[in-house]
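S.K.: Structure provided below as structure tokens; questions to follow.
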Amino acid sequence: MNTTRVARRVRYSSAPGAARRRRRRWLDAAAHALFLLAAAAAAAVLALLLRDLLQTGLPRLSWAFLSSYGSRFADRAGILAPLVGSVYVVLLAAAFALPVGVATAIFLEFYAGDPASPTWLRQLNRILQLSIANLAGVPSIVYGLFGLAFFVRGLALGRSVLAAALTLALLVLPVVIVSAREALRAVPPSLAHAAYALGASRGQAVFTVVLPAALGGIMTGSILSLSRALGESAPLIAVGAWVYVARLPVSPLDSFTVLPVQIYHWASMPQRAFQEAAAAGILVLLLVLLGMNGAAIWLRNKFQRKAEW
Amino acid sequence: MSATAAGSRPAAEGHLTADRRRTPTAVRERLLAALLLPAGLVSLITTVGIVVSLVTETSRFFALVSIREFLTGTRWTPTFEPARFGILPLLSGTFLITAGSALVAVPMGLACALYLSEYAPDRVRRVLKPVLELLAGVPTVVYGFFALTAVTPLLRRAIPDLDVFNALSAIIAVGIMILPMVASMAEDAMLAVPRSLREAAFALGATRLEVALRVVLPASVSGVVSAVILAVSRAAGETMIVAMAAGATPKLTLNPLESIQTMTGFIAQVAQGDLEVDSAAYTSMYAVGMALFLITLAMNLLAGAVRRRYREREQP
């Protein structure tokens with residue numbers, strides 16, 4: 001759009017006349033109020049959600065709730081097993097997704113994306129970018145179906161922590177790759193050039209200079225993607241997060257349950273006491289997520305200040 | 001370390017194949033590249049794996065049920081006799097939720113975006129934007145709980161004979177879920193509009209509303225449209241809210257007051273059960289998943305195409 005077209009659009013609306021001008025100002029003020037209202041409504045929903053949860057869940061929150069297993073009796077049910085299960089699954093997913101994601105980002109930024117690379121590599125680069133972009137839009141329940149067919153049954157891992165962690169790892173991989181690439185790109189090229197000038201090879205420049213400089217950004221992105229993994233329930237229902245688990249998962253092949261799935265099951269029960277347990281579980285989940293987001297923001301600020309090269 | 005190794009001139013030669021030397025650095029470099037390549041291939045393999053697993057299981061389903069019945073049947077009763085596998089009720093349920101939530105989220109999301117990019121003072125913006133991001137980070141199971149325990153009782157006060165499980169609650173909750181997505185992506189697109197365009201309009205005496213609607217919105221239309229499509233695609237694939245609030249009654253209806261079932265809701269329901277792996281009901285889960293995958297893929301590709309096409313036109 002160029003300036004002439006702007007001029008035409010605006011002139012169309014600015015016929016002379018005081019009444020007309022007043023009407024336009026009034027419209028502007030009304031729109032301002034309307035837009036502000038929409039934004040305020042979004043914030044109000046968040047407040048309403050929180051108030052509701054605190055009212056229902058807070059009385060239920062106790063040490064006993066955190067440290068007991070699930071139960072058929074709502075007032076005795078606790079979240080120890082799903083809490084431990086969530087931590088286990090998400091940490092294991094991180095152990096798979098982060099190295100692969102960062103390696104992919106480095107590969108795309110410094111190897112495959114190079115205009116001087118051989119043709120097949122540049123074609124691979126295009127295909128990879130396309131598949132990453134499309135993976136990011138695949139509904140999470142479809143990942144669950146894939147995990148069920150491939151990890152649970154194909155590789156015969158069963159309905160285990162490992163199968164769930166692998167499924168979640170693939171689910172967050174596109175997010176990890178994209179944020180790691182952004183972090184790598186934020187490092188000024190002059191740093192790598194300085195390393196090359198000193199005779200460093202590409203690998204040395206990337207791993208000793210660029211990667212350490214990008215680490216803050218990579219960690220921020222990783223924490224955010226893990227907080228997404230922590231909140232996922234649909235794919236884990238598909239790969240079989242069991243509801244009543246009376247012991248903690250020890251081996252990666254043990255059955256398990258996770259916090260969001262436990263919340264889902266409690267919320268689906270008709271009894272009021274289970275609703276309270278669900279609300280209390282949500283409070284715990286949100287608290288953990290808030291902690292992770294806070295850590296991500298803290299990291300970002302910390303590294304941003306340092307990053308004045 | 002040899003300073004003349006090809007690795008020291010990265011821009012000049014393709015790295016993975018160029019360096020045939022056997023200096024320690026060169027060997028290490030090749031090893032490194034050999035380690036990075038398989039990591040990069042994981043996402044490609046995942047894409048292929050998803051498609052292959054969906055296609056394999058779907059073909060097992062179509063060995064039991066005709067494609068014709070699947071695509072044109074109006075009854076979906078996979079787990080009881082007589083078993084019927086017409087996907088239209090699930091499609092109508094998904095469409096109802098998707099279109100309804102778009103009606104909630106798109107106008108409000110665009111209003112939020114316009115406010116944030118054109119009206120909000122910097123101080124307000126710095127508070128509101130994180131609040132939106134916080135809303136975007138809330139797990140969907142929480143929105144499902146919200147729909148069930150807050151939205152439905154509220155609606156039932158207004159409409160007494162509303163089902164406990166109904167499409168309307170789910171529509172509202174899904175709308176709230178995708179609202180921050182619409183707002184934040186649309187605002188990014190609006191912020192990318194050069195300031196000179198706004199200044200030109202203001203210089204001609206335009207009000208802020210005129211600048212917003214006649215300059216900023218048209219200039220950012222591709223980004224805004226692709227944000228909307230992506231958010232709608234997210235709504236179509238959303239599972240937990242509909243599984244919790246919309247019910248589990250596949251019905252060919254567009255009445256939001258009834259209990260319905262969506263494609264995702266059906267998958268979640270069957271995945272929880274203990275159906276025999278070879279049964280038609282079990283494999284139907286994959287056929288539905290395949291349909292869902294194709295629909296969301298089409299929307300995501302469309303969103304990408306909208307953005308790309310515009311970018312090409314704007315460049316000169």
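In the structure tokens, chains take the letters A, B, ... in the order shown, each chain's residues start at 1, and ligands count up from 1 in the order shown.
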I'd like the contact shell of Ile127 in chain A - 12 Å cut-off, only C-alpha atoms, skipping same-chain residues fewer than 3 positions apart - returned as a ChimeraX atom specification.
M.R.: /A:108,112-113,120-124,130-134 /B:40-41,43-45,47-48
S.K.: Determine which residues of range 49-230 of chain A receive a DSSP assignment of alpha helix (DSSP H), computed from the backbone, and state them as a PyMOL selection string.
M.R.: chain A and resi 49-57+63-67+80-106+119-135+140-147+161-185+189-197+202-204+211-230
S.K.: So which residues touch range 173-189 of chain A within 6 Å, counting only C-alpha atoms, skipping near sequence neighbours fewer than 4 positions away, as a short mmCIF file (atom, residue, chain, number, x, y, z; two decimals) with C-alpha atoms, in the first residue's frame?
M.R.:
```
data_model
loop_
_atom_site.label_atom_id
_atom_site.label_comp_id
_atom_site.auth_asym_id
_atom_site.auth_seq_id
_atom_site.Cartn_x
_atom_site.Cartn_y
_atom_site.Cartn_z
CA ALA A 97 13.25 -32.95 22.72
CA GLY A 101 15.57 -29.58 18.85
CA VAL A 102 18.74 -27.57 19.43
CA ALA A 105 18.15 -25.56 14.91
CA ILE A 132 8.33 -28.31 10.96
CA ALA A 136 3.36 -27.15 14.61
CA ALA A 169 8.78 -34.82 22.93
CA ALA A 214 22.43 -18.09 22.58
CA GLY A 217 17.40 -17.56 24.71
CA ILE A 218 17.41 -21.29 24.12
CA GLY A 221 12.24 -21.07 24.81
CA SER A 222 12.78 -24.55 26.23
#
```
S.K.: Pull the closest atom pair for each residue of chain A that gets at most 7 Å from chain B, along with the distance in Å to one decimal, counting only C-alpha atoms, ordering rows by chain and then ascending residue number, as CSV.
M.R.:
```
residue,atom,partner,partner_atom,distance
A:Met1,CA,B:Ala219,CA,6.4
A:Thr3,CA,B:Leu197,CA,6.7
A:Val6,CA,B:Ala201,CA,6.4
A:Ala7,CA,B:Ala201,CA,6.7
A:Arg9,CA,B:Arg214,CA,6.5
A:Val10,CA,B:Ala206,CA,6.3
A:Arg25,CA,B:Thr207,CA,6.8
A:Asp28,CA,B:Leu209,CA,5.0
A:Ala31,CA,B:Leu209,CA,6.8
A:His32,CA,B:Tyr119,CA,6.8
A:Phe35,CA,B:Ala111,CA,4.9
A:Leu36,CA,B:Tyr115,CA,6.1
A:Ala38,CA,B:Met108,CA,5.7
A:Ala39,CA,B:Cys112,CA,4.8
A:Ala43,CA,B:Val131,CA,6.6
A:Leu46,CA,B:Leu135,CA,6.7
A:Leu49,CA,B:Phe146,CA,6.9
A:Val100,CA,B:Ala39,CA,5.1
A:Ala103,CA,B:Leu36,CA,5.6
A:Thr104,CA,B:Gly40,CA,4.3
A:Phe107,CA,B:Leu36,CA,5.8
A:Tyr111,CA,B:His15,CA,7.0
A:Ala116,CA,B:Gly14,CA,5.0
A:Ser117,CA,B:Gly14,CA,3.7
A:Pro118,CA,B:Gly14,CA,5.6
A:Leu128,CA,B:Leu44,CA,6.0
A:Ser131,CA,B:Leu44,CA,5.9
A:Ile132,CA,B:Ser43,CA,6.3
A:Leu135,CA,B:Thr47,CA,6.7
A:Gly137,CA,B:Asn300,CA,6.5
A:Val138,CA,B:Phe293,CA,6.7
A:Pro139,CA,B:Gly237,CA,4.8
A:Ile141,CA,B:Thr239,CA,6.9
A:Val142,CA,B:Gly289,CA,6.1
A:Phe146,CA,B:Ile50,CA,5.6
A:Ala149,CA,B:Ser53,CA,6.5
A:Tyr196,CA,B:Ser8,CA,5.8
A:Gly199,CA,B:Ala3,CA,5.3
A:Ala200,CA,B:Ser8,CA,5.9
A:Ser201,CA,B:Ser8,CA,4.6
A:Arg202,CA,B:Gly7,CA,5.5
A:Gly203,CA,B:Glu29,CA,5.9
A:Gly231,CA,B:Pro139,CA,4.8
A:Glu232,CA,B:Pro139,CA,6.7
A:Ala234,CA,B:Thr239,CA,6.3
A:Ile237,CA,B:Gln272,CA,6.5
A:Ala238,CA,B:Ala271,CA,5.0
A:Pro260,CA,B:Val141,CA,6.4
A:Tyr264,CA,B:Val141,CA,6.4
A:Ala267,CA,B:Phe145,CA,6.3
A:Ser268,CA,B:Met244,CA,6.8
A:Ile282,CA,B:Val142,CA,6.7
```
S.K.: Find the distance between CA of Leu236 in chain A and CA of Thr283 in chain B and write it in Å to one decimal.
M.R.: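 So the answer is 18.3 Å.
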S.K.: Which residues are near Thr98 in chain B? Cut-off 7 Å, only C-alpha atoms, ignore same chain within fewer than 3 positions. Put them as a ChimeraX atom specification.
M.R.: /B:94-95,101-102,232,235-236
S.K.: When you look at Val164 in chain B with a cut-off of 9 Å (counting only C-alpha atoms), what residues show up, excluding the ones that are within fewer than 4 positions of it in the same chain? I need them as a ChimeraX atom specification.
M.R.: /B:148,152-153,156,245-247,259
S.K.: With only C-alpha atoms as the basis for distance, which of A:Leu58, A:Val258, A:Ala205, A:Leu224 is at the shortest distance from Trp242 in chain A?
M.R.: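 Checking each candidate against Trp242 in chain A, we get A:Val258 as the closest.
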S.K.: So, with only C-alpha atoms as the atoms that count, which of A:Ile263, A:Leu34, A:Ala95, A:Leu286 lies closest to Ala77 in chain A?
M.R.: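 Among the listed residues, the smallest separation from Ala77 in chain A belongs to A:Ile263.
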S.K.: Can you list, as a list in words, every protein, DNA or RNA residue that comes within 10 Å of range 73-75 of chain B when you count only C-alpha atoms, leaving out same-chain residues fewer than 5 positions away?
M.R.: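 The contact residues come out as Ile67, Arg68, Ala83, Arg84, Phe85, Gly86, Ile87, Leu88, Pro89, Leu90, Pro250, Lys251 and Leu252 of chain B.
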